[in-house]
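Here's structure-v9.pdb, which has PDB, C-alpha atoms:
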ATOM      1  CA  MET A 873     -28.822  41.540 -55.235
ATOM      2  CA  LEU A 874     -28.417  40.164 -51.729
ATOM      3  CA  THR A 875     -29.045  42.703 -48.977
ATOM      4  CA  ILE A 876     -28.230  42.082 -45.326
ATOM      5  CA  ASN A 877     -30.518  44.621 -43.723
ATOM      6  CA  ASN A 878     -29.384  45.697 -40.233
ATOM      7  CA  ILE A 879     -29.479  42.249 -38.678
ATOM      8  CA  THR A 880     -28.695  41.543 -35.040
ATOM      9  CA  CYS A 881     -27.912  38.037 -33.832
ATOM     10  CA  ILE A 882     -27.895  36.940 -30.196
ATOM     11  CA  LYS A 883     -26.659  33.594 -28.898
ATOM     12  CA  ASN A 884     -26.749  32.447 -25.275
ATOM     13  CA  GLN A 885     -27.899  35.954 -24.327
ATOM     14  CA  GLN A 886     -24.801  37.499 -25.881
ATOM     15  CA  VAL A 887     -24.828  39.819 -28.879
ATOM     16  CA  ILE A 888     -22.845  38.191 -31.673
ATOM     17  CA  PHE A 889     -23.187  41.236 -33.923
ATOM     18  CA  LYS A 890     -25.557  44.192 -34.052
ATOM     19  CA  ASN A 891     -27.080  46.205 -36.908
ATOM     20  CA  LEU A 892     -24.914  44.461 -39.468
ATOM     21  CA  GLY A 893     -25.559  45.234 -43.093
ATOM     22  CA  PHE A 894     -24.147  45.122 -46.593
ATOM     23  CA  SER A 895     -25.249  44.459 -50.164
ATOM     24  CA  ALA A 896     -23.647  42.182 -52.725
ATOM     25  CA  GLY A 897     -24.645  41.832 -56.337
ATOM     26  CA  GLU A 898     -24.113  39.219 -59.006
ATOM     27  CA  GLY A 899     -20.502  38.653 -59.946
ATOM     28  CA  SER A 900     -19.090  39.605 -56.572
ATOM     29  CA  CYS A 901     -17.312  38.063 -53.616
ATOM     30  CA  ILE A 902     -17.342  39.047 -49.947
ATOM     31  CA  ILE A 903     -14.640  37.751 -47.598
ATOM     32  CA  LEU A 904     -15.764  37.696 -43.978
ATOM     33  CA  LYS A 905     -12.986  38.475 -41.532
ATOM     34  CA  GLY A 906     -12.855  38.187 -37.767
ATOM     35  CA  GLY A 907     -11.469  36.075 -34.968
ATOM     36  CA  ASN A 908     -13.037  32.965 -33.524
ATOM     37  CA  GLY A 909     -16.430  33.810 -32.055
ATOM     38  CA  SER A 910     -16.812  36.970 -34.129
ATOM     39  CA  GLY A 911     -19.919  35.585 -35.832
ATOM     40  CA  LYS A 912     -18.706  34.491 -39.267
ATOM     41  CA  THR A 913     -20.418  31.110 -39.067
ATOM     42  CA  THR A 914     -23.540  32.644 -37.535
ATOM     43  CA  LEU A 915     -23.792  35.135 -40.381
ATOM     44  CA  LEU A 916     -23.426  32.458 -43.056
ATOM     45  CA  ARG A 917     -26.015  30.252 -41.360
ATOM     46  CA  THR A 918     -28.375  33.231 -41.094
ATOM     47  CA  ILE A 919     -28.001  34.034 -44.788
ATOM     48  CA  ALA A 920     -28.646  30.364 -45.543
ATOM     49  CA  GLY A 921     -31.850  30.579 -43.517
ATOM     50  CA  LEU A 922     -30.674  28.035 -40.951
ATOM     51  CA  CYS A 923     -31.089  30.449 -38.044
ATOM     52  CA  GLN A 924     -33.093  33.605 -37.533
ATOM     53  CA  PRO A 925     -31.770  37.072 -36.604
ATOM     54  CA  GLU A 926     -33.054  38.805 -33.509
ATOM     55  CA  SER A 927     -33.885  41.813 -35.688
ATOM     56  CA  GLY A 928     -33.443  42.946 -39.264
ATOM     57  CA  ASN A 929     -33.920  40.814 -42.342
ATOM     58  CA  ILE A 930     -32.228  39.451 -45.424
ATOM     59  CA  LEU A 931     -33.436  40.380 -48.892
ATOM     60  CA  TRP A 932     -32.857  38.825 -52.303
ATOM     61  CA  ASP A 933     -33.863  41.167 -55.107
ATOM     62  CA  GLU A 934     -35.675  43.275 -52.474
ATOM     63  CA  GLU A 935     -37.796  40.378 -51.211
ATOM     64  CA  ASN A 936     -37.468  38.908 -47.717
ATOM     65  CA  ILE A 937     -35.944  35.448 -48.106
ATOM     66  CA  GLN A 938     -38.337  34.079 -45.470
ATOM     67  CA  ASP A 939     -41.238  34.780 -47.842
ATOM     68  CA  PHE A 940     -39.882  32.345 -50.441
ATOM     69  CA  TYR A 941     -37.361  30.308 -48.478
ATOM     70  CA  PRO A 942     -37.715  26.981 -50.371
ATOM     71  CA  ASP A 943     -36.888  28.672 -53.672
ATOM     72  CA  PHE A 944     -34.113  30.757 -52.142
ATOM     73  CA  SER A 945     -32.475  27.824 -50.361
ATOM     74  CA  SER A 946     -32.448  25.793 -53.580
ATOM     75  CA  ASN A 947     -30.259  28.521 -55.079
ATOM     76  CA  ILE A 948     -27.640  28.271 -52.296
ATOM     77  CA  ASN A 949     -24.610  26.056 -52.023
ATOM     78  CA  TYR A 950     -23.679  26.192 -48.330
ATOM     79  CA  ILE A 951     -20.615  24.303 -47.149
ATOM     80  CA  GLY A 952     -20.012  24.749 -43.444
ATOM     81  CA  HIS A 953     -18.033  23.044 -40.715
ATOM     82  CA  LYS A 954     -20.439  20.128 -40.474
ATOM     83  CA  ASN A 955     -19.540  17.167 -42.633
ATOM     84  CA  PHE A 956     -22.788  16.199 -44.374
ATOM     85  CA  LEU A 957     -21.234  13.151 -46.049
ATOM     86  CA  LYS A 958     -22.493   9.668 -45.216
ATOM     87  CA  PRO A 959     -19.458   7.936 -43.649
ATOM     88  CA  GLN A 960     -20.473   4.371 -44.486
ATOM     89  CA  LEU A 961     -20.847   5.143 -48.212
ATOM     90  CA  ASP A 962     -17.953   5.591 -50.603
ATOM     91  CA  ILE A 963     -17.077   8.769 -52.479
ATOM     92  CA  LEU A 964     -19.059   7.969 -55.607
ATOM     93  CA  GLN A 965     -22.151   6.858 -53.675
ATOM     94  CA  ASN A 966     -22.127  10.132 -51.721
ATOM     95  CA  ILE A 967     -21.769  12.230 -54.843
ATOM     96  CA  GLU A 968     -24.448  10.277 -56.690
ATOM     97  CA  PHE A 969     -26.859  10.684 -53.782
ATOM     98  CA  PHE A 970     -26.523  14.458 -53.531
ATOM     99  CA  ALA A 971     -26.371  14.974 -57.308
ATOM    100  CA  SER A 972     -29.630  13.065 -57.642
ATOM    101  CA  LEU A 973     -31.293  15.600 -55.346
ATOM    102  CA  ALA A 974     -30.379  18.333 -57.803
ATOM    103  CA  GLN A 975     -30.966  16.136 -60.847
ATOM    104  CA  SER A 976     -27.443  17.027 -61.933
ATOM    105  CA  GLU A 977     -25.912  13.576 -62.429
ATOM    106  CA  LEU A 978     -24.360  14.689 -65.724
ATOM    107  CA  LEU A 979     -22.005  16.949 -63.770
ATOM    108  CA  ILE A 980     -20.556  14.123 -61.654
ATOM    109  CA  PRO A 981     -17.618  13.343 -64.006
ATOM    110  CA  SER A 982     -16.576  17.015 -63.956
ATOM    111  CA  ALA A 983     -16.625  17.096 -60.156
ATOM    112  CA  VAL A 984     -14.622  13.881 -59.894
ATOM    113  CA  LYS A 985     -12.027  15.106 -62.385
ATOM    114  CA  TYR A 986     -11.624  18.602 -60.949
ATOM    115  CA  PHE A 987     -10.736  17.459 -57.447
ATOM    116  CA  ASP A 988      -8.842  14.317 -58.582
ATOM    117  CA  LEU A 989     -11.208  11.930 -56.806
ATOM    118  CA  ALA A 990     -11.071   9.049 -59.297
ATOM    119  CA  GLU A 991      -8.414   6.987 -57.562
ATOM    120  CA  LYS A 992     -10.472   6.624 -54.377
ATOM    121  CA  LEU A 993     -14.052   6.625 -55.680
ATOM    122  CA  SER A 994     -14.806   3.275 -54.040
ATOM    123  CA  THR A 995     -13.278   4.207 -50.666
ATOM    124  CA  PRO A 996     -15.739   4.717 -47.777
ATOM    125  CA  ILE A 997     -15.763   8.271 -46.464
ATOM    126  CA  LYS A 998     -14.895   7.050 -42.963
ATOM    127  CA  ASN A 999     -11.576   5.726 -44.298
ATOM    128  CA  LEU A1000     -10.505   9.008 -45.882
ATOM    129  CA  SER A1001      -8.191  11.646 -44.434
ATOM    130  CA  ALA A1002      -9.586  15.046 -43.478
ATOM    131  CA  GLY A1003      -8.113  16.539 -46.644
ATOM    132  CA  TRP A1004      -9.780  13.987 -48.896
ATOM    133  CA  GLN A1005     -13.102  14.426 -47.121
ATOM    134  CA  LYS A1006     -12.850  18.175 -47.682
ATOM    135  CA  LYS A1007     -12.259  17.604 -51.410
ATOM    136  CA  VAL A1008     -15.376  15.437 -51.579
ATOM    137  CA  LEU A1009     -17.363  18.126 -49.763
ATOM    138  CA  LEU A1010     -16.128  20.846 -52.113
ATOM    139  CA  SER A1011     -16.938  18.788 -55.201
ATOM    140  CA  LYS A1012     -20.567  19.685 -54.429
ATOM    141  CA  LEU A1013     -19.789  23.151 -55.802
ATOM    142  CA  ILE A1014     -19.511  21.586 -59.252
ATOM    143  CA  TYR A1015     -22.309  19.029 -59.343
ATOM    144  CA  PHE A1016     -24.878  20.978 -57.283
ATOM    145  CA  PRO A1017     -25.610  24.169 -59.275
ATOM    146  CA  ALA A1018     -26.478  27.341 -57.352
ATOM    147  CA  ASP A1019     -26.005  31.080 -57.857
ATOM    148  CA  ILE A1020     -24.956  31.771 -54.255
ATOM    149  CA  TRP A1021     -22.012  30.082 -52.552
ATOM    150  CA  LEU A1022     -21.664  30.345 -48.777
ATOM    151  CA  LEU A1023     -18.338  28.852 -47.711
ATOM    152  CA  ASP A1024     -17.148  28.532 -44.115
ATOM    153  CA  GLU A1025     -13.361  28.053 -43.853
ATOM    154  CA  PRO A1026     -13.348  26.098 -47.133
ATOM    155  CA  SER A1027      -9.563  25.743 -47.373
ATOM    156  CA  VAL A1028      -9.078  24.007 -44.010
ATOM    157  CA  ASN A1029      -7.292  20.629 -44.426
ATOM    158  CA  LEU A1030      -6.445  21.304 -48.074
ATOM    159  CA  ASP A1031      -2.901  21.242 -49.411
ATOM    160  CA  GLN A1032      -1.615  24.150 -51.494
ATOM    161  CA  LYS A1033      -2.508  22.508 -54.812
ATOM    162  CA  ASN A1034      -6.148  22.052 -53.821
ATOM    163  CA  LYS A1035      -6.334  25.499 -52.251
ATOM    164  CA  GLU A1036      -5.387  26.898 -55.643
ATOM    165  CA  LYS A1037      -7.979  24.699 -57.345
ATOM    166  CA  LEU A1038     -10.610  26.035 -54.950
ATOM    167  CA  PHE A1039      -9.495  29.625 -55.516
ATOM    168  CA  ASN A1040      -9.770  29.196 -59.285
ATOM    169  CA  LEU A1041     -13.184  27.580 -58.945
ATOM    170  CA  ILE A1042     -14.512  30.490 -56.891
ATOM    171  CA  ALA A1043     -12.920  33.060 -59.188
ATOM    172  CA  THR A1044     -14.592  31.434 -62.192
ATOM    173  CA  LYS A1045     -17.946  31.372 -60.408
ATOM    174  CA  VAL A1046     -17.730  35.082 -59.654
ATOM    175  CA  LYS A1047     -16.585  35.897 -63.185
ATOM    176  CA  GLU A1048     -19.624  34.043 -64.524
ATOM    177  CA  GLY A1049     -21.984  36.152 -62.419
ATOM    178  CA  GLY A1050     -22.234  34.128 -59.219
ATOM    179  CA  LEU A1051     -22.095  35.462 -55.680
ATOM    180  CA  ALA A1052     -19.652  34.018 -53.154
ATOM    181  CA  ILE A1053     -19.455  34.833 -49.454
ATOM    182  CA  ILE A1054     -16.448  33.254 -47.762
ATOM    183  CA  ALA A1055     -15.546  33.123 -44.080
ATOM    184  CA  SER A1056     -11.835  32.416 -43.866
ATOM    185  CA  HIS A1057      -8.652  33.106 -41.951
ATOM    186  CA  ASP A1058      -6.743  32.070 -45.075
ATOM    187  CA  ASP A1059      -5.435  35.054 -47.027
ATOM    188  CA  ILE A1060      -5.467  33.096 -50.303
ATOM    189  CA  PHE A1061      -8.977  34.429 -50.969
ATOM    190  CA  ASP A1062      -8.282  38.073 -50.132
ATOM    191  CA  ASN A1063      -7.940  39.208 -53.746
ATOM    192  CA  LEU A1064     -11.285  37.755 -54.787
ATOM    193  CA  GLY A1065     -13.377  40.608 -53.438
ATOM    194  CA  ALA A1066     -14.139  43.039 -50.650
ATOM    195  CA  LYS A1067     -13.251  42.221 -47.038
ATOM    196  CA  PHE A1068     -15.948  42.605 -44.406
ATOM    197  CA  TYR A1069     -14.851  42.854 -40.752
ATOM    198  CA  LEU A1070     -17.415  41.522 -38.326
ATOM    199  CA  GLN A1071     -15.786  43.052 -35.251
ATOM    200  CA  ASP A1072     -17.035  46.425 -36.495
ATOM    201  CA  PHE A1073     -20.569  45.290 -35.579
ATOM    202  CA  LYS A1074     -20.013  44.007 -32.049
ATOM    203  CA  LYS A1075     -21.560  47.080 -30.438
TER
END

Rewrite the coordinates I just gave you, this time as structure tokens.
Amino acid sequence: MLTINNITCIKNQQVIFKNLGFSAGEGSCIILKGGNGSGKTTLLRTIAGLCQPESGNILWDEENIQDFYPDFSSNINYIGHKNFLKPQLDILQNIEFFASLAQSELLIPSAVKYFDLAEKLSTPIKNLSAGWQKKVLLSKLIYFPADIWLLDEPSVNLDQKNKEKLFNLIATKVKEGGLAIIASHDDIFDNLGAKFYLQDFKK
């Protein structure tokens, strides 16, 4: 069980959200809703442990994640706005590098097949379109195992076919007992779980 326990986040002396809280168990999905600047990215980064709340805390199975952050972070698949791919390397080299960190090289063929990456495996990332780069980023969901998925606008730059692939991938993860928290303006994910409106926690 993940518990967001009355957290307040402040950036540049402005309150992003205040006393925000919810709980989400295994096999569930939360869709974060709100306009630009509402704090969706900040909340995901806070859950991932990449920034600290002004007050409140985040619990996993009733333990503060800061007390066992290395173990907690290893159980998270966070895909945000930042492109973590190495532009000078090709698709396969990028996937092999990150899969080696998780010792999950056996899952590489599945990732390549699911997002139809085979035809451009030897193409440097810097030569790919934004849509192809997003597919390579999202392939990490397959070859980098984790129980918690934190996804920030994951469908941006995807065509309809790959949006549906992503939807099915998330739906399967949730059905198998995973936890997904998605920040998205795209209504394709709305039926996956409960919507959570960040504007309710501005004041």

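CA of Ala974 (chain A) sits 25.5 Å away from CA of Gln924 (chain A).
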
field: Answer key for the PyMOL selection byres ((chain A and resi 996-1012) around 9), residues as a ChimeraX atom specification
entry: /A:949,951,955-963,965-967,970-971,980,982-984,986-989,992-995,1013-1017,1026-1031,1034,1038

field: Picked residues, the PyMOL selection byres ((chain A and resi 890) around 6), expected as a PyMOL selection string
entry: chain A and resi 880+889+891-892+1073-1074

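As for CA of Trp1021 (chain A) and CA of Ile948 (chain A), they are spaced 5.9 Å apart.
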
query: What is the distance between CA of Phe969 (chain A) and CA of Glu991 (chain A), in Å to one decimal?
result: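 For CA of Phe969 (chain A) relative to CA of Glu991 (chain A), the distance reads 19.2 Å.
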
Completed region 956-970 of chain A (N, CA and C atoms) as a PDB file, keeping the file's coordinate frame:
ATOM      1  N   PHE A 956     -21.478  16.784 -44.048  1.00  0.00           N
ATOM      2  CA  PHE A 956     -22.788  16.199 -44.374  1.00  0.00           C
ATOM      3  C   PHE A 956     -22.669  14.859 -45.099  1.00  0.00           C
ATOM      4  N   LEU A 957     -21.431  14.404 -45.325  1.00  0.00           N
ATOM      5  CA  LEU A 957     -21.234  13.151 -46.049  1.00  0.00           C
ATOM      6  C   LEU A 957     -21.670  11.949 -45.210  1.00  0.00           C
ATOM      7  N   LYS A 958     -22.078  10.899 -45.891  1.00  0.00           N
ATOM      8  CA  LYS A 958     -22.493   9.668 -45.216  1.00  0.00           C
ATOM      9  C   LYS A 958     -21.260   8.773 -45.081  1.00  0.00           C
ATOM     10  N   PRO A 959     -20.763   8.588 -43.844  1.00  0.00           N
ATOM     11  CA  PRO A 959     -19.458   7.936 -43.649  1.00  0.00           C
ATOM     12  C   PRO A 959     -19.381   6.492 -44.122  1.00  0.00           C
ATOM     13  N   GLN A 960     -20.497   5.782 -44.102  1.00  0.00           N
ATOM     14  CA  GLN A 960     -20.473   4.371 -44.486  1.00  0.00           C
ATOM     15  C   GLN A 960     -20.479   4.179 -45.996  1.00  0.00           C
ATOM     16  N   LEU A 961     -20.833   5.231 -46.752  1.00  0.00           N
ATOM     17  CA  LEU A 961     -20.847   5.143 -48.212  1.00  0.00           C
ATOM     18  C   LEU A 961     -19.514   5.613 -48.781  1.00  0.00           C
ATOM     19  N   ASP A 962     -19.210   5.156 -49.989  1.00  0.00           N
ATOM     20  CA  ASP A 962     -17.953   5.591 -50.603  1.00  0.00           C
ATOM     21  C   ASP A 962     -18.134   6.946 -51.287  1.00  0.00           C
ATOM     22  N   ILE A 963     -17.052   7.445 -51.856  1.00  0.00           N
ATOM     23  CA  ILE A 963     -17.077   8.769 -52.479  1.00  0.00           C
ATOM     24  C   ILE A 963     -18.139   8.851 -53.565  1.00  0.00           C
ATOM     25  N   LEU A 964     -18.125   7.915 -54.485  1.00  0.00           N
ATOM     26  CA  LEU A 964     -19.059   7.969 -55.607  1.00  0.00           C
ATOM     27  C   LEU A 964     -20.504   7.868 -55.135  1.00  0.00           C
ATOM     28  N   GLN A 965     -20.784   7.004 -54.182  1.00  0.00           N
ATOM     29  CA  GLN A 965     -22.151   6.858 -53.675  1.00  0.00           C
ATOM     30  C   GLN A 965     -22.636   8.154 -53.035  1.00  0.00           C
ATOM     31  N   ASN A 966     -21.760   8.844 -52.307  1.00  0.00           N
ATOM     32  CA  ASN A 966     -22.127  10.132 -51.721  1.00  0.00           C
ATOM     33  C   ASN A 966     -22.441  11.156 -52.797  1.00  0.00           C
ATOM     34  N   ILE A 967     -21.560  11.247 -53.778  1.00  0.00           N
ATOM     35  CA  ILE A 967     -21.769  12.230 -54.843  1.00  0.00           C
ATOM     36  C   ILE A 967     -23.036  11.916 -55.630  1.00  0.00           C
ATOM     37  N   GLU A 968     -23.252  10.657 -55.938  1.00  0.00           N
ATOM     38  CA  GLU A 968     -24.448  10.277 -56.690  1.00  0.00           C
ATOM     39  C   GLU A 968     -25.714  10.606 -55.909  1.00  0.00           C
ATOM     40  N   PHE A 969     -25.678  10.399 -54.599  1.00  0.00           N
ATOM     41  CA  PHE A 969     -26.859  10.684 -53.782  1.00  0.00           C
ATOM     42  C   PHE A 969     -27.215  12.165 -53.835  1.00  0.00           C
ATOM     43  N   PHE A 970     -26.231  13.021 -53.580  1.00  0.00           N
ATOM     44  CA  PHE A 970     -26.523  14.458 -53.531  1.00  0.00           C
ATOM     45  C   PHE A 970     -26.778  15.035 -54.922  1.00  0.00           C
TER      46      PHE A 970
END
